file work_3.cif (mmCIF, C-alpha atoms)
data_target
loop_
_atom_site.label_atom_id
_atom_site.label_comp_id
_atom_site.auth_asym_id
_atom_site.auth_seq_id
_atom_site.Cartn_x
_atom_site.Cartn_y
_atom_site.Cartn_z
CA MET A 1 -47.91 -0.43 -54.70
CA LYS A 2 -45.98 -3.67 -54.49
CA ILE A 3 -43.11 -4.17 -52.04
CA LEU A 4 -40.44 -6.86 -51.92
CA VAL A 5 -38.88 -7.51 -48.50
CA THR A 6 -35.95 -9.71 -47.56
CA ALA A 7 -35.92 -12.28 -44.76
CA LYS A 8 -32.50 -13.75 -44.00
CA ARG A 9 -32.13 -16.67 -41.63
CA VAL A 10 -29.29 -16.07 -39.16
CA ILE A 11 -27.93 -17.54 -35.97
CA ASP A 12 -29.82 -16.05 -33.04
CA PRO A 13 -27.81 -12.94 -32.08
CA ASN A 14 -28.64 -13.56 -28.41
CA ILE A 15 -26.58 -16.75 -28.18
CA ARG A 16 -22.81 -17.12 -28.01
CA VAL A 17 -21.40 -18.61 -31.19
CA GLN A 18 -18.44 -20.97 -31.30
CA VAL A 19 -15.80 -21.60 -33.93
CA LEU A 20 -15.24 -25.13 -35.23
CA PRO A 21 -12.05 -26.76 -33.90
CA ASP A 22 -10.35 -26.50 -37.28
CA GLY A 23 -11.15 -22.78 -37.53
CA SER A 24 -12.96 -23.22 -40.83
CA ALA A 25 -16.36 -21.80 -39.87
CA ILE A 26 -18.85 -20.99 -37.14
CA ALA A 27 -20.44 -24.03 -35.50
CA ALA A 28 -23.87 -23.31 -36.97
CA GLU A 29 -25.39 -26.75 -37.55
CA HIS A 30 -27.11 -27.05 -34.18
CA ALA A 31 -27.24 -23.36 -33.26
CA LYS A 32 -30.61 -21.69 -32.84
CA LYS A 33 -31.69 -19.83 -35.98
CA THR A 34 -34.00 -16.85 -36.29
CA LEU A 35 -35.10 -14.07 -38.61
CA ASN A 36 -32.48 -11.35 -39.02
CA PRO A 37 -33.58 -8.53 -36.66
CA PHE A 38 -32.99 -5.84 -39.29
CA ASP A 39 -35.14 -7.71 -41.81
CA GLU A 40 -37.79 -8.18 -39.13
CA VAL A 41 -38.01 -4.39 -38.77
CA ALA A 42 -38.27 -4.02 -42.57
CA ILE A 43 -41.09 -6.57 -42.73
CA GLU A 44 -42.96 -4.86 -39.90
CA GLN A 45 -42.70 -1.54 -41.73
CA ALA A 46 -44.01 -3.02 -44.97
CA VAL A 47 -46.98 -4.55 -43.14
CA ARG A 48 -47.74 -1.24 -41.42
CA MET A 49 -47.76 0.49 -44.80
CA LYS A 50 -50.15 -2.13 -46.13
CA GLU A 51 -52.42 -1.72 -43.11
CA ALA A 52 -52.44 2.03 -43.79
CA GLY A 53 -53.65 1.37 -47.33
CA HIS A 54 -50.42 2.37 -49.10
CA VAL A 55 -49.37 -1.10 -50.23
CA SER A 56 -51.33 -3.70 -52.19
CA GLU A 57 -48.93 -6.67 -52.01
CA ILE A 58 -45.86 -7.69 -50.00
CA ILE A 59 -43.50 -10.43 -51.18
CA ALA A 60 -40.98 -11.87 -48.74
CA VAL A 61 -37.90 -13.61 -50.15
CA THR A 62 -35.07 -15.57 -48.60
CA ILE A 63 -32.09 -17.46 -49.99
CA GLY A 64 -31.05 -20.71 -48.33
CA THR A 65 -31.80 -24.34 -47.65
CA ALA A 66 -35.21 -25.83 -46.90
CA GLY A 67 -34.71 -24.83 -43.26
CA ALA A 68 -34.98 -21.19 -44.31
CA GLU A 69 -38.73 -21.74 -44.74
CA GLU A 70 -38.91 -21.05 -41.01
CA VAL A 71 -38.24 -17.31 -41.44
CA LEU A 72 -40.68 -17.13 -44.34
CA ARG A 73 -43.38 -18.60 -42.08
CA THR A 74 -42.57 -15.83 -39.62
CA ALA A 75 -42.91 -13.24 -42.38
CA LEU A 76 -46.27 -14.72 -43.39
CA ALA A 77 -47.40 -14.55 -39.77
CA PHE A 78 -46.48 -10.85 -39.76
CA GLY A 79 -48.86 -10.35 -42.68
CA VAL A 80 -46.92 -10.57 -45.95
CA ASP A 81 -48.91 -11.89 -48.90
CA ARG A 82 -46.44 -14.21 -50.61
CA ALA A 83 -43.26 -15.99 -49.62
CA LEU A 84 -40.51 -17.12 -51.97
CA LEU A 85 -37.56 -19.38 -51.16
CA ILE A 86 -34.56 -19.38 -53.49
CA GLY A 87 -32.73 -22.64 -52.87
CA ALA A 88 -29.01 -22.44 -52.05
CA GLU A 89 -26.88 -24.96 -50.20
CA HIS A 90 -24.31 -22.46 -48.94
CA ASP A 91 -24.17 -18.82 -47.86
CA LEU A 92 -23.74 -16.30 -50.65
CA GLU A 93 -21.57 -13.21 -50.62
CA PRO A 94 -23.37 -9.83 -50.74
CA LEU A 95 -22.48 -9.34 -54.41
CA ALA A 96 -24.04 -12.69 -55.32
CA VAL A 97 -27.13 -11.93 -53.23
CA SER A 98 -27.56 -8.62 -55.06
CA ARG A 99 -27.41 -10.45 -58.39
CA VAL A 100 -30.02 -12.99 -57.30
CA LEU A 101 -32.35 -10.32 -55.96
CA ALA A 102 -31.93 -8.17 -59.08
CA GLU A 103 -32.97 -11.06 -61.31
CA LEU A 104 -35.96 -11.80 -59.08
CA ILE A 105 -36.98 -8.14 -59.09
CA GLU A 106 -36.92 -8.12 -62.89
CA ARG A 107 -39.49 -10.94 -62.75
CA GLU A 108 -41.69 -9.64 -59.92
CA GLU A 109 -41.50 -5.91 -60.78
CA PRO A 110 -42.02 -4.45 -57.30
CA ASP A 111 -42.25 -0.69 -56.78
CA TRP A 112 -39.96 -0.74 -53.72
CA VAL A 113 -37.49 -3.01 -52.04
CA LEU A 114 -37.43 -2.77 -48.26
CA MET A 115 -34.70 -4.70 -46.46
CA GLY A 116 -32.59 -4.71 -43.33
CA LYS A 117 -29.51 -2.50 -43.57
CA GLN A 118 -27.34 -5.51 -42.65
CA ALA A 119 -27.53 -9.07 -41.34
CA SER A 120 -26.64 -9.73 -37.72
CA ASP A 121 -24.38 -12.67 -38.64
CA ASP A 122 -21.82 -11.06 -40.97
CA ASP A 123 -22.67 -7.34 -40.55
CA SER A 124 -21.64 -6.72 -44.15
CA ASN A 125 -24.06 -3.83 -44.82
CA GLN A 126 -23.45 -4.13 -48.57
CA THR A 127 -26.34 -5.91 -50.27
CA GLY A 128 -28.84 -3.04 -50.34
CA GLN A 129 -26.36 -0.61 -51.87
CA MET A 130 -25.13 -3.17 -54.40
CA LEU A 131 -28.72 -4.02 -55.37
CA ALA A 132 -29.67 -0.38 -55.96
CA GLN A 133 -26.60 0.17 -58.13
CA ARG A 134 -27.25 -2.99 -60.12
CA LEU A 135 -30.87 -2.03 -60.78
CA GLY A 136 -30.07 1.63 -61.41
CA TRP A 137 -32.58 2.58 -58.70
CA GLY A 138 -32.46 5.28 -56.07
CA GLN A 139 -31.59 4.26 -52.54
CA ALA A 140 -32.08 5.45 -48.97
CA THR A 141 -30.11 3.59 -46.32
CA PHE A 142 -30.26 3.30 -42.52
CA ALA A 143 -33.90 4.42 -42.31
CA CYS A 144 -35.04 5.31 -38.79
CA ALA A 145 -38.35 6.90 -39.93
CA LEU A 146 -40.42 6.33 -43.05
CA SER A 147 -43.53 7.94 -44.52
CA LEU A 148 -45.28 8.07 -47.88
CA VAL A 149 -46.01 11.56 -49.18
CA ASP A 150 -47.55 12.15 -52.62
CA GLY A 151 -46.09 8.95 -54.04
CA GLU A 152 -42.62 9.57 -52.57
CA LEU A 153 -40.99 7.87 -49.64
CA HIS A 154 -39.65 10.35 -47.12
CA VAL A 155 -36.83 8.52 -45.36
CA THR A 156 -35.19 9.89 -42.23
CA ARG A 157 -31.73 8.58 -41.44
CA GLU A 158 -29.32 9.24 -38.61
CA VAL A 159 -26.10 11.03 -39.56
CA ASP A 160 -23.17 12.38 -37.53
CA GLY A 161 -24.77 15.79 -37.09
CA GLY A 162 -28.27 14.54 -36.21
CA LYS A 163 -30.91 13.37 -38.67
CA LYS A 164 -31.43 13.92 -42.39
CA THR A 165 -34.60 13.30 -44.40
CA LEU A 166 -34.50 12.24 -48.05
CA ALA A 167 -37.33 12.07 -50.60
CA VAL A 168 -37.06 9.01 -52.84
CA LYS A 169 -39.23 8.33 -55.86
CA PRO A 170 -40.07 4.78 -56.96
CA PRO A 171 -38.55 2.47 -57.84
CA ALA A 172 -36.00 2.47 -55.02
CA VAL A 173 -34.23 0.37 -52.41
CA VAL A 174 -34.66 1.32 -48.74
CA THR A 175 -32.68 -0.31 -45.95
CA ALA A 176 -34.04 -0.29 -42.39
CA ASP A 177 -32.23 0.41 -39.14
CA LEU A 178 -33.40 -1.07 -35.84
CA GLY A 179 -34.82 2.28 -34.71
CA LEU A 180 -37.39 2.36 -37.53
CA ASN A 181 -40.04 0.56 -35.46
CA GLU A 182 -40.74 -2.04 -32.80
CA PRO A 183 -41.87 -5.30 -34.48
CA ARG A 184 -45.20 -6.61 -33.24
CA TYR A 185 -45.66 -9.70 -31.13
CA ILE A 186 -46.95 -12.45 -33.40
CA LYS A 187 -49.99 -14.22 -32.01
CA LEU A 188 -50.15 -18.01 -32.01
CA PRO A 189 -53.19 -18.20 -34.38
CA ASN A 190 -51.26 -16.20 -36.98
CA LEU A 191 -48.30 -18.57 -36.67
CA MET A 192 -50.58 -21.58 -37.13
CA LYS A 193 -52.20 -20.04 -40.20
CA ALA A 194 -48.76 -19.25 -41.64
CA LYS A 195 -47.78 -22.92 -41.41
CA LYS A 196 -50.54 -23.78 -43.91
CA LYS A 197 -49.75 -21.08 -46.46
CA PRO A 198 -47.85 -22.04 -49.63
CA ILE A 199 -44.23 -21.07 -50.15
CA GLU A 200 -42.99 -20.66 -53.71
CA ARG A 201 -39.58 -22.08 -54.54
CA LEU A 202 -36.96 -21.30 -57.14
CA GLU A 203 -33.45 -22.66 -57.57
CA LEU A 204 -30.41 -20.59 -58.35
CA ASP A 205 -30.17 -22.32 -61.72
CA ASP A 206 -33.65 -21.04 -62.55
CA LEU A 207 -32.40 -17.48 -62.26
CA GLY A 208 -29.22 -18.03 -64.27
CA VAL A 209 -26.93 -15.78 -62.23
CA ASP A 210 -23.29 -16.19 -61.29
CA VAL A 211 -23.01 -16.72 -57.53
CA SER A 212 -19.43 -18.00 -57.43
CA PRO A 213 -17.50 -16.62 -54.44
CA ARG A 214 -14.97 -13.83 -54.92
CA PHE A 215 -13.25 -14.26 -51.55
CA GLU A 216 -11.47 -17.13 -49.85
CA GLN A 217 -11.87 -17.39 -46.10
CA LEU A 218 -8.56 -18.44 -44.61
CA GLY A 219 -9.79 -19.10 -41.10
CA LEU A 220 -11.69 -17.97 -38.03
CA ALA A 221 -10.58 -17.61 -34.43
CA GLU A 222 -12.31 -16.63 -31.23
CA PRO A 223 -11.10 -13.44 -29.47
CA GLN A 224 -8.23 -13.97 -27.09
CA PRO A 225 -9.28 -14.09 -23.42
CA ARG A 226 -8.71 -10.92 -21.47
CA GLN A 227 -5.37 -10.77 -19.73
CA GLY A 228 -5.71 -9.64 -16.11
CA ALA A 229 -8.41 -7.64 -14.40
CA GLY A 230 -9.35 -4.08 -15.22
CA ILE A 231 -8.75 -1.12 -12.95
CA ARG A 232 -11.01 1.73 -11.89
CA VAL A 233 -9.94 5.36 -12.19
CA GLU A 234 -11.53 8.35 -10.50
CA SER A 235 -11.29 10.92 -13.28
CA ALA A 236 -10.61 11.48 -16.96
CA GLU A 237 -7.30 13.08 -16.06
CA GLU A 238 -6.19 9.96 -14.20
CA LEU A 239 -7.24 7.81 -17.15
CA VAL A 240 -5.18 9.94 -19.57
CA ALA A 241 -2.18 9.82 -17.22
CA LYS A 242 -2.29 6.03 -16.98
CA LEU A 243 -2.62 5.63 -20.74
CA ARG A 244 0.31 7.99 -21.26
CA ASP A 245 2.44 6.20 -18.64
CA GLU A 246 1.73 2.84 -20.25
CA GLY A 247 2.64 4.16 -23.69
CA GLN A 248 -0.85 4.01 -25.18
CA LEU A 249 -1.01 7.70 -26.14
#
call {"tool": "encode", "arguments": {"input": "work_3.cif", "output": "structure tokens"}}
result
Amino acid sequence: MKILVTAKRVIDPNIRVQVLPDGSAIAAEHAKKTLNPFDEVAIEQAVRMKEAGHVSEIIAVTIGTAGAEEVLRTALAFGVDRALLIGAEHDLEPLAVSRVLAELIEREEPDWVLMGKQASDDDSNQTGQMLAQRLGWGQATFACALSLVDGELHVTREVDGGKKTLAVKPPAVVTADLGLNEPRYIKLPNLMKAKKKPIERLELDDLGVDVSPRFEQLGLAEPQPRQGAGIRVESAEELVAKLRDEGQL
């Protein structure tokens, strides 16, 4: 079984981002970058399946500039077999990403795609679903548990009423939630070995897909500072009374 996993490079979610003075974008040039936490969970799950003997090859792919090699090195240190960088000088919208991945999947022919349910920078939560539709594959999203049973993936996902388990036959797209596993701590020797491993590279032109944007971003602004201090109430009844008195209910 061959699995393709995604590895997006994002601004570290643990730091506070700032908007450029002109409001055109996030000040990302000098911000610390890291592997998207949701993709990290997906990569860990793919490696665990390989260690259990269910997977023969794992391919990690990212789309971005040369700096995105950093997250591919991390994926290699986790234990993926191959890493592929698709060169792009600007961020792509989810629809464009799904087109790029679909073309790559046609070339690589994996049995499964395992990816984070969303990226921590834009929180779009769209690419996995768009990719499955484009390929005509089954999909199981928001996976919090995953097992292989008789050639099927049994995917447990959290829903409003509790948890629901789906059986998905290959080929399919599965998106991982943070609760799926706890990624391992990567040891320094594995990181050093990953630095010496080759990374394949393709350009968007090589794939021949349309990645032109469909949306125009008009501007960004930081949240307004909080006006005044909060107050403490002693009961739910008092809270409801205050909200009603202030015209919020």
call {"tool": "atom_distance", "arguments": {"input": "work_3.cif", "atom1": "CA of Ala66 in chain A", "atom2": "CA of Asn36 in chain A"}}
result
16.7 Å
call {"tool": "residues_around", "arguments": {"input": "work_3.cif", "residues": "range 92-107 of chain A", "least_positions_apart": "2", "cutoff": "8 Å", "atoms": "all atoms listed in the file", "output": "ChimeraX atom specification"}}
result
/A:90,109-110,124,126-128,130-131,134-135,204,207,209-214
call {"tool": "write_last_selection", "arguments": {"input": "work_3.cif", "atoms": "C-alpha atoms", "output": "mmCIF file, in the coordinates of the input"}}
result
data_model
loop_
_atom_site.group_PDB
_atom_site.id
_atom_site.type_symbol
_atom_site.label_atom_id
_atom_site.label_comp_id
_atom_site.auth_asym_id
_atom_site.auth_seq_id
_atom_site.Cartn_x
_atom_site.Cartn_y
_atom_site.Cartn_z
ATOM 1 C CA HIS A 90 -24.310 -22.460 -48.940
ATOM 2 C CA GLU A 109 -41.500 -5.910 -60.780
ATOM 3 C CA PRO A 110 -42.020 -4.450 -57.300
ATOM 4 C CA SER A 124 -21.640 -6.720 -44.150
ATOM 5 C CA GLN A 126 -23.450 -4.130 -48.570
ATOM 6 C CA THR A 127 -26.340 -5.910 -50.270
ATOM 7 C CA GLY A 128 -28.840 -3.040 -50.340
ATOM 8 C CA MET A 130 -25.130 -3.170 -54.400
ATOM 9 C CA LEU A 131 -28.720 -4.020 -55.370
ATOM 10 C CA ARG A 134 -27.250 -2.990 -60.120
ATOM 11 C CA LEU A 135 -30.870 -2.030 -60.780
ATOM 12 C CA LEU A 204 -30.410 -20.590 -58.350
ATOM 13 C CA LEU A 207 -32.400 -17.480 -62.260
ATOM 14 C CA VAL A 209 -26.930 -15.780 -62.230
ATOM 15 C CA ASP A 210 -23.290 -16.190 -61.290
ATOM 16 C CA VAL A 211 -23.010 -16.720 -57.530
ATOM 17 C CA SER A 212 -19.430 -18.000 -57.430
ATOM 18 C CA PRO A 213 -17.500 -16.620 -54.440
ATOM 19 C CA ARG A 214 -14.970 -13.830 -54.920
#
call {"tool": "atom_distance", "arguments": {"input": "work_3.cif", "atom1": "CA of Ile199 in chain A", "atom2": "CA of Glu57 in chain A"}}
result
15.3 Å
call {"tool": "resolve_selection", "arguments": {"input": "work_3.cif", "expression": "the PyMOL selection byres ((chain A and resi 191) around 10)", "output": "list of chain:residue names"}}
result
A:Arg73, A:Thr74, A:Ala75, A:Leu76, A:Ala77, A:Phe78, A:Ile186, A:Lys187, A:Leu188, A:Pro189, A:Asn190, A:Met192, A:Lys193, A:Ala194, A:Lys195, A:Lys196
call {"tool": "atom_distance", "arguments": {"input": "work_3.cif", "atom1": "CA of Ala27 in chain A", "atom2": "CA of Glu222 in chain A"}}
result
11.8 Å
call {"tool": "residues_near_point", "arguments": {"input": "work_3.cif", "point": "(-26.2, -5.1, -45.7)", "cutoff": "10 Å", "atoms": "only C-alpha atoms", "output": "list in words"}}
result
Phe38, Pro94, Met115, Gly116, Lys117, Gln118, Ala119, Ser120, Asp122, Asp123, Ser124, Asn125, Gln126, Thr127, Gly128, Gln129, Met130, Thr141, Phe142, Thr175 and Ala176 of chain A
call {"tool": "closest_residue", "arguments": {"input": "work_3.cif", "among": "A:Val71, A:Val174, A:Ala31, A:Cys144", "to": "Arg16 in chain A", "atoms": "only C-alpha atoms"}}
result
A:Ala31
call {"tool": "resolve_selection", "arguments": {"input": "work_3.cif", "expression": "the PyMOL selection byres ((chain A and resi 111) around 9)", "output": "list in words"}}
result
Met1, Lys2, Ile3, Leu4, Glu109, Pro110, Trp112, Val113, Pro170, Pro171 and Ala172 of chain A
call {"tool": "residues_around", "arguments": {"input": "work_3.cif", "residues": "Ala167 in chain A", "least_positions_apart": "2", "cutoff": "12 Å", "atoms": "all atoms listed in the file", "output": "list in words"}}
result
Gly138, Gln139, Ala140, Thr141, Ala143, Ala145, Leu146, Ser147, Leu148, Val149, Asp150, Gly151, Glu152, Leu153, His154, Val155, Thr156, Arg157, Lys164, Thr165, Lys169, Pro170, Ala172 and Val174 of chain A
call {"tool": "closest_residue", "arguments": {"input": "work_3.cif", "among": "A:Gly79, A:Gly136, A:Gly87, A:Pro13", "to": "Glu51 in chain A", "atoms": "all atoms listed in the file"}}
result
A:Gly79
call {"tool": "decode", "arguments": {"input": "work_3.cif", "residues": "range 123-248 of chain A", "atoms": "C-alpha atoms", "output": "compact mmCIF listing (two decimals), in the first residue's frame"}}
result
# COMPACT_ATOMS: atom_id res chain seq x y z
CA ASP A 123 -8.18 27.25 8.70
CA SER A 124 -9.91 26.72 5.35
CA ASN A 125 -10.71 23.01 5.84
CA GLN A 126 -11.49 22.65 2.13
CA THR A 127 -8.61 20.99 0.29
CA GLY A 128 -9.25 17.39 1.35
CA GLN A 129 -12.90 17.49 0.36
CA MET A 130 -12.17 19.24 -2.94
CA LEU A 131 -9.43 16.70 -3.73
CA ALA A 132 -11.69 13.71 -3.10
CA GLN A 133 -14.41 15.18 -5.32
CA ARG A 134 -11.93 15.97 -8.08
CA LEU A 135 -10.51 12.44 -8.04
CA GLY A 136 -13.90 10.78 -7.62
CA TRP A 137 -12.58 9.02 -4.51
CA GLY A 138 -14.27 8.26 -1.22
CA GLN A 139 -13.44 10.46 1.73
CA ALA A 140 -13.43 10.35 5.53
CA THR A 141 -12.80 13.65 7.27
CA PHE A 142 -11.85 14.73 10.81
CA ALA A 143 -10.37 11.33 11.72
CA CYS A 144 -9.74 10.87 15.45
CA ALA A 145 -9.06 7.10 15.19
CA LEU A 146 -7.86 4.99 12.28
CA SER A 147 -7.38 1.27 11.70
CA LEU A 148 -6.95 -1.05 8.73
CA VAL A 149 -9.37 -3.97 8.62
CA ASP A 150 -9.44 -6.43 5.70
CA GLY A 151 -8.16 -3.83 3.24
CA GLU A 152 -10.55 -1.12 4.45
CA LEU A 153 -9.79 1.90 6.55
CA HIS A 154 -12.09 2.18 9.54
CA VAL A 155 -12.18 5.88 10.37
CA THR A 156 -13.70 7.20 13.57
CA ARG A 157 -14.75 10.83 13.56
CA GLU A 158 -16.28 13.07 16.19
CA VAL A 159 -19.82 14.27 15.49
CA ASP A 160 -22.34 16.29 17.51
CA GLY A 161 -23.85 13.21 19.11
CA GLY A 162 -20.56 11.47 19.94
CA LYS A 163 -18.43 9.44 17.54
CA LYS A 164 -19.15 7.72 14.23
CA THR A 165 -17.03 5.10 12.47
CA LEU A 166 -16.91 4.81 8.68
CA ALA A 167 -15.45 2.05 6.51
CA VAL A 168 -13.67 3.42 3.45
CA LYS A 169 -12.31 1.33 0.61
CA PRO A 170 -9.27 2.44 -1.41
CA PRO A 171 -8.61 4.71 -3.09
CA ALA A 172 -9.74 7.43 -0.69
CA VAL A 173 -8.80 10.71 0.97
CA VAL A 174 -8.64 10.81 4.78
CA THR A 175 -8.16 14.02 6.73
CA ALA A 176 -6.72 13.92 10.26
CA ASP A 177 -7.84 15.78 13.36
CA LEU A 178 -5.42 16.61 16.17
CA GLY A 179 -6.88 13.89 18.39
CA LEU A 180 -5.81 11.11 16.01
CA ASN A 181 -2.43 10.65 17.71
CA GLU A 182 0.44 12.32 19.54
CA PRO A 183 3.34 12.88 17.08
CA ARG A 184 6.64 11.41 18.22
CA TYR A 185 9.63 13.40 19.35
CA ILE A 186 12.14 13.38 16.51
CA LYS A 187 15.64 12.44 17.62
CA LEU A 188 18.61 14.49 16.50
CA PRO A 189 20.27 11.62 14.52
CA ASN A 190 17.09 11.26 12.44
CA LEU A 191 17.09 15.00 11.72
CA MET A 192 20.73 14.85 10.63
CA LYS A 193 20.05 11.89 8.35
CA ALA A 194 17.05 13.70 6.85
CA LYS A 195 19.26 16.64 5.87
CA LYS A 196 21.22 14.34 3.53
CA LYS A 197 18.24 12.71 1.84
CA PRO A 198 17.25 13.88 -1.65
CA ILE A 199 14.14 15.97 -2.24
CA GLU A 200 12.46 15.74 -5.63
CA ARG A 201 11.25 18.97 -7.19
CA LEU A 202 8.57 19.84 -9.71
CA GLU A 203 7.34 23.22 -10.89
CA LEU A 204 3.72 24.16 -11.33
CA ASP A 205 4.31 24.45 -15.07
CA ASP A 206 5.38 20.80 -15.11
CA LEU A 207 1.93 19.79 -13.90
CA GLY A 208 0.02 22.02 -16.31
CA VAL A 209 -2.78 23.03 -13.94
CA ASP A 210 -4.59 26.33 -13.55
CA VAL A 211 -3.73 27.86 -10.18
CA SER A 212 -4.98 31.38 -10.84
CA PRO A 213 -6.73 32.88 -7.79
CA ARG A 214 -10.52 33.09 -7.69
CA PHE A 215 -10.71 35.57 -4.80
CA GLU A 216 -9.36 39.05 -4.23
CA GLN A 217 -8.26 39.90 -0.71
CA LEU A 218 -9.29 43.45 0.04
CA GLY A 219 -7.42 43.82 3.31
CA LEU A 220 -6.57 42.53 6.75
CA ALA A 221 -6.93 44.15 10.16
CA GLU A 222 -6.05 43.10 13.67
CA PRO A 223 -8.93 42.66 16.16
CA GLN A 224 -9.93 45.82 17.96
CA PRO A 225 -8.55 46.06 21.51
CA ARG A 226 -10.98 45.20 24.25
CA GLN A 227 -12.90 48.15 25.60
CA GLY A 228 -12.93 48.20 29.40
CA ALA A 229 -12.46 45.42 31.90
CA GLY A 230 -14.72 42.42 32.29
CA ILE A 231 -16.96 41.79 35.27
CA ARG A 232 -17.53 38.68 37.36
CA VAL A 233 -21.01 37.33 38.05
CA GLU A 234 -22.00 34.83 40.71
CA SER A 235 -24.57 32.79 38.82
CA ALA A 236 -26.04 32.01 35.43
CA GLU A 237 -29.19 33.88 36.40
CA GLU A 238 -27.20 37.03 37.12
CA LEU A 239 -25.41 36.67 33.79
CA VAL A 240 -28.72 36.39 31.92
CA ALA A 241 -30.12 39.39 33.80
CA LYS A 242 -27.13 41.56 32.90
CA LEU A 243 -27.26 40.53 29.25
CA ARG A 244 -30.98 41.30 29.15
CA ASP A 245 -30.51 44.67 30.88
CA GLU A 246 -27.78 45.63 28.42
CA GLY A 247 -29.94 44.65 25.46
CA GLN A 248 -27.90 41.65 24.37
